[in-house]
Amino acid sequence: MTVLPDAEWRGREGLARIVAALGADAVKIVGGAVRDTLLGHPVTDIDLATPLLPQEVTRRLEAADIKVIPTGIAHGTVTAIASGDRHEITTLRRDVETDGRRATIAFADDWREDAARRDFTINALYADPVTGGVEDWFGGLADLAAGRVRFIGDAAMRIAEDHLRILRFYRFAARFGHGDLDPASHAAVVAARQSLKSLSRERIADELTRILALPDPRPIVRQMGADGIFAVLLPEADAGVEAALDRLLANEGAVGATPDALRRFAALLPTDPAVAEQVASRLRLSTRQRKHLAALAAHRGGPLQPVRQLAYRIGVEAARDVHLLAGDRAQAVAAVRSLAGWTNPVLPVKGGDIVARGIAAGPEVARILKAVEGDWIAEDFPGPARVAELVDQKIGRSSERRQ
């Protein structure tokens with residue numbers, strides 16, 4: 001039997017307390033923690049499965065002085081907090097009815113039956129929390145070793161249970177796959193792509209964000225485009241998306257930028273702020289995200305403005321992203337360096353200063369201020385002495401017009 005290698009989490013006190021409270025024979029580690037430990041990847045969330053009913057799980061944990069939160073009690077999930085560790089514990093389940101968006105479940109006591117309702121073979125691995133022995137009913141270990149992402153059983157049936165699995169297939173293939181996509185799984189997601197329209201916009205946005213946040217999403221984005229996924233989800237996607245993503249990732253690499261899903265999402269869209277806002281609204285993105293995408297669309301299509309001038313107008317983060325999206329390598333590097341430690345300055349003159357110089361309060365003051373600010377920005381934000389000279393010039397011209 002395959003045994004989990006040593007991992008940091010196997011020595012956690014909180015996990016050991018939870019296992020002891022439930023009984024080592026009544027709980028297993030499941031899913032991503034098993035998969036990632038076998039791959040040598042960092043493990044953050046350690047989910048547990050048990051044949052015990054939620055009420056019994058709660059009773060045993062509380063008897064061991066472990067805090068229990070009924071985070072998903074309707075689906076058999078509670079969260080246990082012990083020694084600072086948080087672990088979700090879910091009762092074994094079987095699907096009673098599904099409609100592609102949600103499932104009606106019943107509790108079960110069969111480990112294999114629980115595994116059979118999961119999406120991919122590499123996510124249906126269960127490990128003994130004490131011995132580390134791994135149970136695998138559907139060939140997940142072989143698929144993991146081969147870098148193959150494959151649905152459990154009939155791929156079309158798995159997708160019909162939850163249409164989001166189409167996007168999850170692409171994301172997991174990008175993360176764990178090597179070589180060609182599994183033919184049966186790939187054919188099934190392409191055939192079912194129209195069913196993505198039935199999903200909530202929030203779930204779609206979440207999966208797209210996860211895909212775009214991958215270290216290099218270009219191969220899978222290219223595949224999704226060829227498979228017609230974007231034609232269903234994002235018909236606004238720009239025809240030049242591959243070139244835009246190539247440029248962006250090259251620039252991110254040149255400046256050492258952390259992958260940013262929203263910035264990469266901007267590369268998929270045309271340089272039309274109205275379209276960017278429309279897409280963001282449809283996907284239920286936040287107001288901040290919507291405004292950010294619109295700003296990037298508005299400024300990355302034409303000649304690049306100097307980055308600090310742009311930052312003053314649309315914000316430092318947006319200006320940096322515009323240059324990463326639209327600039328060449330040298331422009332991107334220079335822009336990021338120019339913004340290092342930069343905060344937008346405040347114009348060192350106010351309307352009252354203009355009035356004190358003899359200009360009557362009103363539209364003329366606003367006009368002078370706007371003219372001074374324009375020159376101040378164009379000159380890369382000089383200090384008060386130069387601003388005073390600019391004020392003198394504008395007031396002098398104002399006086400000439402009045403004569």
# chains A, B, ... in the order shown; residues from 1 in each chain; ligands from 1
call {"tool": "select_by_dssp", "arguments": {"residues": "stretch 260-368 of chain A", "states": "alpha helix (DSSP H)", "output": "PyMOL selection string"}}
result
chain A and resi 261-268+273-282+287-299+307-314+316-326+329-339+351-355+363-368
call {"tool": "closest_atom_pairs", "arguments": {"of": "stretch 269-312 of chain A", "to": "stretch 257-263 of chain A", "cutoff": "10 Å", "atoms": "only C-alpha atoms", "output": "Markdown table"}}
result
| residue | atom | partner | partner_atom | distance |
| --- | --- | --- | --- | --- |
| A:Gln289 | CA | A:Leu262 | CA | 7.5 |
| A:Arg290 | CA | A:Leu262 | CA | 9.7 |
| A:His292 | CA | A:Leu262 | CA | 8.5 |
| A:Leu293 | CA | A:Leu262 | CA | 7.6 |
| A:Leu296 | CA | A:Arg263 | CA | 8.4 |
call {"tool": "residues_around", "arguments": {"residues": "stretch 144-158 of chain A", "least_positions_apart": "4", "cutoff": "6 Å", "atoms": "only C-alpha atoms", "output": "short mmCIF file (atom, residue, chain, number, x, y, z; two decimals) with N, CA and C atoms, in the first residue's frame"}}
result
data_model
loop_
_atom_site.label_atom_id
_atom_site.label_comp_id
_atom_site.auth_asym_id
_atom_site.auth_seq_id
_atom_site.Cartn_x
_atom_site.Cartn_y
_atom_site.Cartn_z
N ASP A 119 -15.08 14.41 -8.03
CA ASP A 119 -14.92 14.72 -9.46
C ASP A 119 -13.83 13.93 -10.14
N PHE A 120 -12.58 14.07 -9.69
CA PHE A 120 -11.45 13.48 -10.40
C PHE A 120 -10.79 12.40 -9.54
N THR A 121 -10.18 11.46 -10.20
CA THR A 121 -9.55 10.35 -9.49
C THR A 121 -8.47 10.84 -8.52
N ILE A 122 -7.74 11.90 -8.89
CA ILE A 122 -6.66 12.38 -8.03
C ILE A 122 -7.19 13.11 -6.80
N GLY A 140 -6.45 6.81 -8.86
CA GLY A 140 -5.94 8.17 -8.68
C GLY A 140 -4.44 8.23 -8.53
N ALA A 173 -6.17 20.33 -14.81
CA ALA A 173 -5.26 19.90 -15.88
C ALA A 173 -4.06 20.83 -15.96
N PHE A 176 -1.94 20.03 -12.55
CA PHE A 176 -1.38 18.71 -12.29
C PHE A 176 -1.15 17.87 -13.53
N GLY A 177 -1.62 18.35 -14.69
CA GLY A 177 -1.52 17.54 -15.89
C GLY A 177 -0.17 17.67 -16.59
N HIS A 178 0.18 16.62 -17.30
CA HIS A 178 1.38 16.61 -18.14
C HIS A 178 0.99 16.01 -19.49
N SER A 185 -12.26 12.56 -20.87
CA SER A 185 -12.63 13.71 -20.04
C SER A 185 -12.69 14.97 -20.87
N ALA A 188 -15.74 15.11 -23.07
CA ALA A 188 -16.96 15.34 -22.30
C ALA A 188 -17.14 16.81 -21.93
#
call {"tool": "closest_residue", "arguments": {"among": "A:Ile368, A:Arg210, A:Asp95, A:Gly139", "to": "A:Asp162", "atoms": "only C-alpha atoms"}}
result
A:Asp95
call {"tool": "closest_atom_pairs", "arguments": {"of": "stretch 128-200 of chain A", "to": "stretch 211-222 of chain A", "cutoff": "12 Å", "atoms": "only C-alpha atoms", "output": "CSV"}}
result
residue,atom,partner,partner_atom,distance
A:Leu167,CA,A:Ile211,CA,8.6
A:Arg168,CA,A:Ile211,CA,8.8
A:Phe169,CA,A:Ile220,CA,10.3
A:Tyr170,CA,A:Ile220,CA,6.6
A:Arg171,CA,A:Ile211,CA,5.4
A:Phe172,CA,A:Ile211,CA,8.9
A:Ala173,CA,A:Ile220,CA,7.9
A:Ala174,CA,A:Ile220,CA,6.0
A:Arg175,CA,A:Leu214,CA,7.6
A:Phe176,CA,A:Leu214,CA,11.3
A:Gly177,CA,A:Ile220,CA,10.4
A:His178,CA,A:Pro219,CA,11.5
A:Gly179,CA,A:Pro219,CA,11.2
A:Asp180,CA,A:Ile220,CA,11.3
A:Leu181,CA,A:Ile220,CA,10.4
call {"tool": "write_last_selection", "arguments": {"atoms": "C-alpha atoms", "output": "compact mmCIF listing (two decimals), in the first residue's frame"}}
result
# COMPACT_ATOMS: atom_id res chain seq x y z
CA LEU A 167 -13.88 24.64 -15.54
CA ARG A 168 -12.38 22.61 -12.72
CA PHE A 169 -11.16 20.12 -15.31
CA TYR A 170 -9.19 22.83 -17.09
CA ARG A 171 -7.81 24.24 -13.84
CA PHE A 172 -6.71 20.86 -12.50
CA ALA A 173 -5.26 19.90 -15.88
CA ALA A 174 -3.19 23.09 -15.80
CA ARG A 175 -2.00 22.44 -12.25
CA PHE A 176 -1.38 18.71 -12.29
CA GLY A 177 -1.52 17.54 -15.89
CA HIS A 178 1.38 16.61 -18.14
CA GLY A 179 1.13 16.09 -21.87
CA ASP A 180 -2.17 15.61 -23.66
CA LEU A 181 -5.50 15.93 -21.87
call {"tool": "select_by_dssp", "arguments": {"residues": "stretch 52-299 of chain A", "states": "strand (DSSP E or B)", "output": "number ranges by chain"}}
result
A: 67-72, 77-82, 85-91, 93-98, 100, 103-107, 120, 125-127, 133-136, 151, 162
call {"tool": "residues_around", "arguments": {"residues": "A:Lys28", "least_positions_apart": "6", "cutoff": "8 Å", "atoms": "only C-alpha atoms", "output": "PyMOL selection string"}}
result
chain A and resi 48-50+126-129
call {"tool": "closest_residue", "arguments": {"among": "A:Pro384, A:Gly31, A:Pro273, A:Gly228", "to": "A:Asn123", "atoms": "only C-alpha atoms"}}
result
A:Gly31
call {"tool": "atom_distance", "arguments": {"atom1": "atom CA of A:Arg201", "atom2": "atom CA of A:Leu283"}}
result
4.8 Å
call {"tool": "residues_around", "arguments": {"residues": "A:Glu113", "least_positions_apart": "3", "cutoff": "9 Å", "atoms": "only C-alpha atoms", "output": "PyMOL selection string"}}
result
chain A and resi 92-94+108-110+116-117
call {"tool": "atom_distance", "arguments": {"atom1": "atom CA of A:Ala254", "atom2": "atom CA of A:His299"}}
result
21.3 Å
